[in-house]
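upload_9.cif, holding mmCIF, C-alpha atoms:
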data_my_file
loop_
_atom_site.label_atom_id
_atom_site.label_comp_id
_atom_site.auth_asym_id
_atom_site.auth_seq_id
_atom_site.Cartn_x
_atom_site.Cartn_y
_atom_site.Cartn_z
CA MET A 1 3.24 -19.36 18.10
CA SER A 2 0.03 -20.79 19.47
CA MET A 3 -2.96 -18.51 19.40
CA ASN A 4 -5.07 -18.19 22.50
CA LYS A 5 -8.82 -18.64 22.65
CA ASP A 6 -9.57 -14.92 22.51
CA GLN A 7 -7.45 -14.45 19.43
CA GLN A 8 -9.22 -17.35 17.76
CA LYS A 9 -12.58 -15.89 18.71
CA PHE A 10 -11.71 -12.52 17.17
CA MET A 11 -10.40 -14.05 13.95
CA ARG A 12 -13.37 -16.37 13.73
CA LYS A 13 -15.58 -13.27 13.90
CA ALA A 14 -13.60 -11.58 11.09
CA ILE A 15 -13.97 -14.71 8.97
CA ALA A 16 -17.69 -14.98 9.76
CA ILE A 17 -18.12 -11.37 8.59
CA SER A 18 -16.27 -12.15 5.36
CA ARG A 19 -18.51 -15.17 4.78
CA LYS A 20 -21.70 -13.23 5.43
CA SER A 21 -20.41 -10.51 3.10
CA VAL A 22 -20.23 -12.99 0.23
CA GLU A 23 -23.80 -14.03 0.95
CA THR A 24 -25.08 -10.44 1.04
CA GLY A 25 -23.32 -9.00 -2.01
CA GLY A 26 -20.15 -7.53 -0.50
CA GLY A 27 -16.54 -8.48 -1.15
CA PRO A 28 -15.19 -11.61 0.62
CA PHE A 29 -13.34 -9.77 3.38
CA GLY A 30 -13.94 -8.94 7.04
CA ALA A 31 -12.08 -7.07 9.77
CA VAL A 32 -12.43 -6.66 13.50
CA ILE A 33 -10.73 -4.13 15.80
CA VAL A 34 -10.08 -5.07 19.41
CA LYS A 35 -9.15 -2.90 22.36
CA ASP A 36 -8.61 -4.19 25.90
CA GLY A 37 -9.91 -7.61 24.94
CA GLU A 38 -13.21 -6.31 23.50
CA ILE A 39 -14.34 -5.89 19.90
CA ILE A 40 -14.95 -2.18 19.37
CA ALA A 41 -15.66 -2.17 15.61
CA SER A 42 -15.97 -4.51 12.65
CA SER A 43 -16.84 -4.35 8.99
CA ASN A 44 -17.04 -6.24 5.76
CA ASN A 45 -15.80 -5.02 2.38
CA GLN A 46 -18.34 -2.59 0.92
CA VAL A 47 -16.62 -1.50 -2.31
CA THR A 48 -19.26 -2.63 -4.75
CA LYS A 49 -22.31 -2.28 -2.51
CA GLY A 50 -21.33 1.21 -1.41
CA ASN A 51 -19.70 2.41 -4.64
CA ASP A 52 -16.58 3.25 -2.65
CA PRO A 53 -13.23 1.78 -3.78
CA THR A 54 -11.75 2.76 -0.40
CA ALA A 55 -14.36 0.76 1.55
CA HIS A 56 -12.17 -2.24 2.29
CA ALA A 57 -13.01 -4.07 5.50
CA GLU A 58 -9.97 -2.75 7.39
CA VAL A 59 -10.55 0.87 6.36
CA MET A 60 -14.24 0.70 7.28
CA ALA A 61 -13.46 -0.91 10.63
CA ILE A 62 -10.88 1.82 11.36
CA ARG A 63 -13.43 4.53 10.53
CA LYS A 64 -16.01 2.94 12.82
CA ALA A 65 -13.56 2.42 15.69
CA CYS A 66 -12.41 6.04 15.46
CA LYS A 67 -15.96 7.31 15.39
CA LYS A 68 -16.81 5.22 18.44
CA LEU A 69 -13.74 6.26 20.43
CA LYS A 70 -13.89 9.86 19.12
CA THR A 71 -10.23 9.85 18.11
CA PHE A 72 -8.07 9.53 15.02
CA ASP A 73 -5.47 7.53 16.98
CA LEU A 74 -6.09 3.83 17.58
CA SER A 75 -2.96 3.19 19.63
CA GLY A 76 -3.66 0.26 21.91
CA CYS A 77 -5.86 -1.45 19.32
CA GLU A 78 -5.28 -4.67 17.38
CA LEU A 79 -6.82 -5.54 14.03
CA TYR A 80 -7.97 -8.99 12.87
CA ALA A 81 -8.34 -9.27 9.10
CA SER A 82 -9.75 -12.27 7.27
CA CYS A 83 -7.11 -11.57 4.58
CA GLU A 84 -3.68 -9.97 4.53
CA PRO A 85 -4.18 -6.18 4.21
CA CYS A 86 -3.58 -4.47 0.87
CA PRO A 87 -1.20 -1.48 0.75
CA MET A 88 -4.08 0.99 1.16
CA CYS A 89 -5.32 -0.76 4.29
CA LEU A 90 -1.87 -1.32 5.73
CA SER A 91 -1.04 2.36 5.22
CA ALA A 92 -4.33 3.31 6.87
CA MET A 93 -3.38 1.06 9.80
CA TYR A 94 -0.08 2.93 10.12
CA TRP A 95 -1.81 6.31 10.02
CA ALA A 96 -4.25 5.01 12.67
CA HIS A 97 -1.38 3.70 14.85
CA ILE A 98 -2.81 0.20 15.13
CA ASP A 99 -0.52 -1.78 17.48
CA ARG A 100 -0.43 -5.08 15.58
CA TYR A 101 -2.53 -7.21 13.30
CA TYR A 102 -3.52 -10.79 12.60
CA TYR A 103 -4.56 -12.12 9.22
CA ALA A 104 -5.86 -15.43 7.85
CA ASN A 105 -5.88 -15.62 4.05
CA GLN A 106 -2.67 -14.34 2.48
CA LYS A 107 -2.30 -12.06 -0.50
CA GLU A 108 -1.55 -14.95 -2.85
CA ASP A 109 -4.93 -16.44 -1.89
CA ALA A 110 -6.58 -13.10 -2.74
CA LYS A 111 -4.81 -13.00 -6.09
CA SER A 112 -6.01 -16.50 -6.91
CA ILE A 113 -9.64 -15.33 -6.66
CA GLY A 114 -9.06 -12.12 -8.63
CA PHE A 115 -7.94 -9.49 -6.08
CA ASP A 116 -4.41 -8.53 -7.01
CA ASP A 117 -3.03 -6.50 -4.12
CA GLN A 118 0.45 -7.53 -5.24
CA PHE A 119 0.13 -5.29 -8.30
CA ILE A 120 -0.14 -2.23 -6.03
CA TYR A 121 2.68 -3.44 -3.76
CA ASP A 122 4.83 -3.79 -6.87
CA GLU A 123 3.84 -0.33 -8.11
CA LEU A 124 4.71 1.30 -4.78
CA ASP A 125 8.06 -0.47 -4.86
CA LYS A 126 9.01 1.29 -8.08
CA PRO A 127 10.47 4.80 -8.21
CA ALA A 128 7.55 7.17 -8.78
CA GLY A 129 8.58 7.93 -12.35
CA LYS A 130 8.50 4.26 -13.31
CA ARG A 131 4.97 3.51 -12.09
CA SER A 132 2.15 2.76 -14.49
CA MET A 133 0.05 5.73 -13.32
CA PRO A 134 1.46 8.88 -14.94
CA ARG A 135 2.09 11.93 -12.79
CA GLU A 136 3.41 15.46 -13.10
CA GLN A 137 4.48 18.02 -10.52
CA MET A 138 3.28 21.60 -10.98
CA MET A 139 2.87 24.84 -9.03
CA ARG A 140 4.91 23.76 -6.03
CA ASP A 141 5.74 27.38 -5.16
CA GLU A 142 2.07 28.27 -4.74
CA ALA A 143 1.36 25.15 -2.67
CA LEU A 144 4.31 25.79 -0.37
CA GLU A 145 2.53 28.96 0.78
CA THR A 146 -0.11 26.71 2.40
CA PHE A 147 2.54 24.73 4.22
CA ARG A 148 4.07 27.97 5.50
CA ALA A 149 0.63 29.04 6.74
CA TRP A 150 0.33 25.67 8.52
CA THR A 151 3.72 26.09 10.16
CA GLU A 152 2.78 29.54 11.38
CA LYS A 153 -0.61 28.48 12.74
CA SER A 154 -0.39 28.28 16.51
CA ASP A 155 -3.65 26.43 17.31
CA LYS A 156 -3.40 23.54 14.83
CA VAL A 157 -4.22 19.92 15.68
CA GLU A 158 -1.24 17.82 14.63
CA TYR A 159 -1.28 14.11 13.94
CA MET B 1 6.18 20.14 -19.90
CA SER B 2 4.11 23.29 -19.89
CA MET B 3 0.80 23.04 -18.13
CA ASN B 4 -2.25 24.42 -19.86
CA LYS B 5 -4.67 26.91 -18.37
CA ASP B 6 -7.22 24.27 -17.34
CA GLN B 7 -4.60 22.24 -15.51
CA GLN B 8 -3.45 25.37 -13.70
CA LYS B 9 -7.04 26.20 -12.80
CA PHE B 10 -7.63 22.73 -11.33
CA MET B 11 -4.41 22.76 -9.32
CA ARG B 12 -5.09 26.29 -8.13
CA LYS B 13 -8.42 25.01 -6.83
CA ALA B 14 -6.74 22.11 -4.99
CA ILE B 15 -4.29 24.56 -3.42
CA ALA B 16 -7.09 26.98 -2.49
CA ILE B 17 -8.89 24.10 -0.73
CA SER B 18 -5.70 23.22 1.17
CA ARG B 19 -5.32 26.85 2.23
CA LYS B 20 -8.92 27.15 3.37
CA SER B 21 -8.50 23.87 5.26
CA VAL B 22 -5.70 25.36 7.34
CA GLU B 23 -7.92 28.32 8.16
CA THR B 24 -10.87 26.12 9.19
CA GLY B 25 -9.09 23.50 11.28
CA GLY B 26 -8.37 20.75 8.75
CA GLY B 27 -5.03 19.40 7.57
CA PRO B 28 -3.13 21.48 4.94
CA PHE B 29 -4.11 19.36 1.95
CA GLY B 30 -6.64 19.56 -0.88
CA ALA B 31 -7.60 17.39 -3.84
CA VAL B 32 -9.77 17.81 -6.91
CA ILE B 33 -11.04 15.12 -9.32
CA VAL B 34 -11.67 16.07 -12.93
CA LYS B 35 -13.58 14.21 -15.63
CA ASP B 36 -14.07 15.48 -19.19
CA GLY B 37 -12.63 18.85 -18.24
CA GLU B 38 -15.00 19.42 -15.31
CA ILE B 39 -14.40 19.18 -11.57
CA ILE B 40 -16.66 16.41 -10.27
CA ALA B 41 -15.48 16.24 -6.65
CA SER B 42 -13.06 17.89 -4.26
CA SER B 43 -12.11 17.71 -0.61
CA ASN B 44 -9.73 18.89 2.04
CA ASN B 45 -8.03 16.70 4.65
CA GLN B 46 -10.50 15.93 7.44
CA VAL B 47 -8.47 13.60 9.66
CA THR B 48 -8.57 15.64 12.84
CA LYS B 49 -11.90 17.37 12.28
CA GLY B 50 -13.69 14.13 11.40
CA ASN B 51 -11.75 11.77 13.68
CA ASP B 52 -10.94 9.65 10.64
CA PRO B 53 -7.28 8.80 9.92
CA THR B 54 -8.32 7.68 6.42
CA ALA B 55 -9.89 11.05 5.58
CA HIS B 56 -7.02 12.38 3.51
CA ALA B 57 -8.03 14.83 0.79
CA GLU B 58 -7.51 12.34 -2.05
CA VAL B 59 -9.47 9.53 -0.34
CA MET B 60 -12.35 11.89 0.48
CA ALA B 61 -12.42 13.27 -3.07
CA ILE B 62 -12.48 9.70 -4.46
CA ARG B 63 -15.38 8.80 -2.17
CA LYS B 64 -17.32 11.86 -3.27
CA ALA B 65 -16.61 11.35 -6.98
CA CYS B 66 -17.75 7.71 -6.76
CA LYS B 67 -20.90 8.66 -4.91
CA LYS B 68 -21.68 11.30 -7.54
CA LEU B 69 -21.02 9.01 -10.50
CA LYS B 70 -22.56 5.96 -8.76
CA THR B 71 -19.55 3.78 -9.52
CA PHE B 72 -16.48 2.39 -7.80
CA ASP B 73 -14.44 2.85 -11.00
CA LEU B 74 -13.05 6.30 -11.79
CA SER B 75 -11.43 5.37 -15.10
CA GLY B 76 -11.31 8.51 -17.22
CA CYS B 77 -10.72 10.75 -14.19
CA GLU B 78 -7.64 12.76 -13.24
CA LEU B 79 -6.73 13.83 -9.73
CA TYR B 80 -5.09 17.10 -8.71
CA ALA B 81 -3.49 17.00 -5.26
CA SER B 82 -1.96 19.95 -3.46
CA CYS B 83 0.69 17.51 -2.17
CA GLU B 84 2.20 14.28 -3.43
CA PRO B 85 -0.12 11.42 -2.37
CA CYS B 86 0.84 9.20 0.57
CA PRO B 87 0.88 5.39 0.05
CA MET B 88 -2.70 5.06 1.34
CA CYS B 89 -3.98 7.64 -1.11
CA LEU B 90 -1.90 6.39 -4.02
CA SER B 91 -3.16 2.85 -3.39
CA ALA B 92 -6.73 4.16 -3.23
CA MET B 93 -6.11 5.89 -6.57
CA TYR B 94 -5.00 2.58 -8.06
CA TRP B 95 -8.06 0.76 -6.68
CA ALA B 96 -10.25 3.57 -8.14
CA HIS B 97 -8.47 3.37 -11.52
CA ILE B 98 -7.63 7.07 -11.65
CA ASP B 99 -5.99 7.74 -15.04
CA ARG B 100 -3.23 10.11 -13.91
CA TYR B 101 -2.47 12.68 -11.25
CA TYR B 102 -0.85 16.05 -10.72
CA TYR B 103 0.69 17.22 -7.48
CA ALA B 104 2.24 20.44 -6.17
CA ASN B 105 4.07 20.05 -2.85
CA GLN B 106 6.28 16.98 -2.73
CA LYS B 107 6.60 14.47 0.09
CA GLU B 108 9.80 16.05 1.37
CA ASP B 109 7.84 19.30 1.83
CA ALA B 110 5.21 17.37 3.81
CA LYS B 111 7.89 15.80 5.97
CA SER B 112 9.38 19.21 6.72
CA ILE B 113 6.08 20.32 8.30
CA GLY B 114 5.58 17.07 10.24
CA PHE B 115 3.74 14.68 7.88
CA ASP B 116 6.07 11.78 7.27
CA ASP B 117 4.60 9.78 4.40
CA GLN B 118 8.11 8.51 3.67
CA PHE B 119 8.01 6.41 6.84
CA ILE B 120 5.09 4.41 5.41
CA TYR B 121 6.71 4.16 1.98
CA ASP B 122 9.81 2.78 3.71
CA GLU B 123 7.74 0.31 5.75
CA LEU B 124 5.93 -1.00 2.68
CA ASP B 125 9.29 -1.44 0.96
CA LYS B 126 10.41 -3.88 3.65
CA PRO B 127 9.52 -7.58 3.62
CA ALA B 128 6.40 -7.96 5.79
CA GLY B 129 8.31 -9.69 8.59
CA LYS B 130 10.73 -6.77 8.92
CA ARG B 131 8.15 -4.02 9.31
CA SER B 132 7.70 -2.19 12.60
CA MET B 133 4.05 -3.26 12.94
CA PRO B 134 4.01 -6.86 14.22
CA ARG B 135 1.76 -9.37 12.49
CA GLU B 136 0.83 -13.03 12.66
CA GLN B 137 -1.00 -15.34 10.32
CA MET B 138 -3.64 -17.66 11.77
CA MET B 139 -6.61 -19.78 10.73
CA ARG B 140 -5.93 -19.60 7.00
CA ASP B 141 -7.77 -22.87 6.40
CA GLU B 142 -11.03 -21.50 7.81
CA ALA B 143 -10.71 -18.26 5.85
CA LEU B 144 -10.04 -20.09 2.60
CA GLU B 145 -13.56 -21.48 2.83
CA THR B 146 -14.87 -17.96 2.28
CA PHE B 147 -12.73 -17.55 -0.82
CA ARG B 148 -14.07 -20.84 -2.16
CA ALA B 149 -17.61 -19.61 -1.54
CA TRP B 150 -16.73 -16.42 -3.46
CA THR B 151 -15.35 -18.42 -6.38
CA GLU B 152 -18.48 -20.54 -6.52
CA LYS B 153 -20.86 -17.57 -6.34
CA SER B 154 -22.29 -16.96 -9.78
CA ASP B 155 -23.89 -13.52 -9.30
CA LYS B 156 -20.98 -11.71 -7.66
CA VAL B 157 -19.92 -8.16 -8.57
CA GLU B 158 -16.19 -8.28 -9.30
CA TYR B 159 -13.82 -5.32 -9.24
#

Since I need it in another form, could you write the structure as structure tokens?
Amino acid sequence: MSMNKDQQKFMRKAIAISRKSVETGGGPFGAVIVKDGEIIASSNNQVTKGNDPTAHAEVMAIRKACKKLKTFDLSGCELYASCEPCPMCLSAMYWAHIDRYYYANQKEDAKSIGFDDQFIYDELDKPAGKRSMPREQMMRDEALETFRAWTEKSDKVEY
Amino acid sequence: MSMNKDQQKFMRKAIAISRKSVETGGGPFGAVIVKDGEIIASSNNQVTKGNDPTAHAEVMAIRKACKKLKTFDLSGCELYASCEPCPMCLSAMYWAHIDRYYYANQKEDAKSIGFDDQFIYDELDKPAGKRSMPREQMMRDEALETFRAWTEKSDKVEY
């Protein structure tokens, strides 16, 4: 498909953020969130600068957009990412109900400069018991009591 | 396997946090991060209270642990989650290099009270072009320039 001028403008902004991030000590990634043709939030990757492994550009942009719109639901929003989202970011975009996204660099490009999102995609693909991170289930009966309390709560905010 | 008293204590804490969260308007989830036998961070789910769809208990606990330890690398840490982590949280745990995790409720339990993590697991399983969230690639050539700048940068902080 051919991209229109607005789409190019939004992606160019995401790429400019990623470039500035490299120059200022962040990771080489940028993201922009657009609603009704306007940029409502943007961010670079702040993992190393902020000591926060969850501070990918997409996640940070989602947090800022939600704060601005005072909602946890970004239905009606589109995300422009300078690189294909990793599984954490893509999952966050699902939880946030982002409508659609555009990306520039692809995950193979990220891998070639040392960011191996594919490793996590591969891990998630495996049955839980076969993944490299060990896990154990315990005390399910006690935890189920919380879920029962949730079910019985009449004034809860669901999402 | 049989869980030792410390493990039970840590999980009981995660469950207590999930229970308190229900009572105080958060989502019914809690997480605790342990290093060298001590709890270093914990959180409940703050999605609806904080208007942040990324504020799952595990993500928030990771953020707090990293802030406390002044690092983006939680190698040597274990995570106790009152419920099996969703793909966003599990990916965040991989990025943070959590050693291993324990969980109580399983994802089927979460689904039965309205939290369908399985939907996102299923989406990630699909080839990108078959997922329900539409996407398009654009302007890769311009974005690759940023990755080249990253590669050429000599004083970067890698992760």

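Distance check against chain B using only C-alpha atoms: of A:Pro53, A:Gly30, A:Gly37, A:Pro127, the minimum falls on A:Pro53.
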
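With all atoms listed in the file taken into account, the protein and nucleic acid residues at most 10 Å from Ala65 of chain A (excluding it and anything under 5 positions from it in its own chain) are Val32, Ile33, Val34, Lys35, Ile39, Ile40, Ala41, Ser42, Val59, Met60, Lys70, Thr71, Phe72, Asp73, Leu74 and Cys77 of chain A; Asn51 and Asp52 of chain B.
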
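Counting all atoms listed in the file, the residue from A:Ala81, A:Met88, A:Arg100, A:Asp6 that sits nearest to Ala55 of chain A is A:Met88.
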
Listed atoms of segment 45-60 of chain B, axis-aligned box, 5 Å per side: centre and edge lengths to one decimal in Å, as lines of an AutoDock Vina configuration file?
center_x = -10.4
center_y = 12.5
center_z = 5.8
size_x = 16.7
size_y = 19.7
size_z = 25.7

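Candidate residues A:Asn44, A:Ala61, A:Trp150, A:Lys9 were compared for distance to chain B, and the nearest is A:Trp150, using all atoms listed in the file.
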
Please write the residues picked by the PyMOL selection byres ((chain A) within 7 of (chain B)) on this file as a PyMOL selection string. chain A and resi 15+18-19+22+25+28+47-48+51-54+63+66-67+70-72+82+87-88+91-92+95-96+99-105+113+120+125+133-140+143-144+146-147+150-151+156-157

Grab the atom CA of Lys111 of chain B to atom CA of Glu58 of chain B distance for me, in Å with one decimal place. 17.7 Å

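Rounded to one decimal, atom CA of Lys13 of chain A and atom CA of Ala31 of chain A lie 8.2 Å from each other.
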
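Pairwise distance (atom CA of Glu152 of chain B, atom CA of Asn45 of chain A) equals 18.1 Å.
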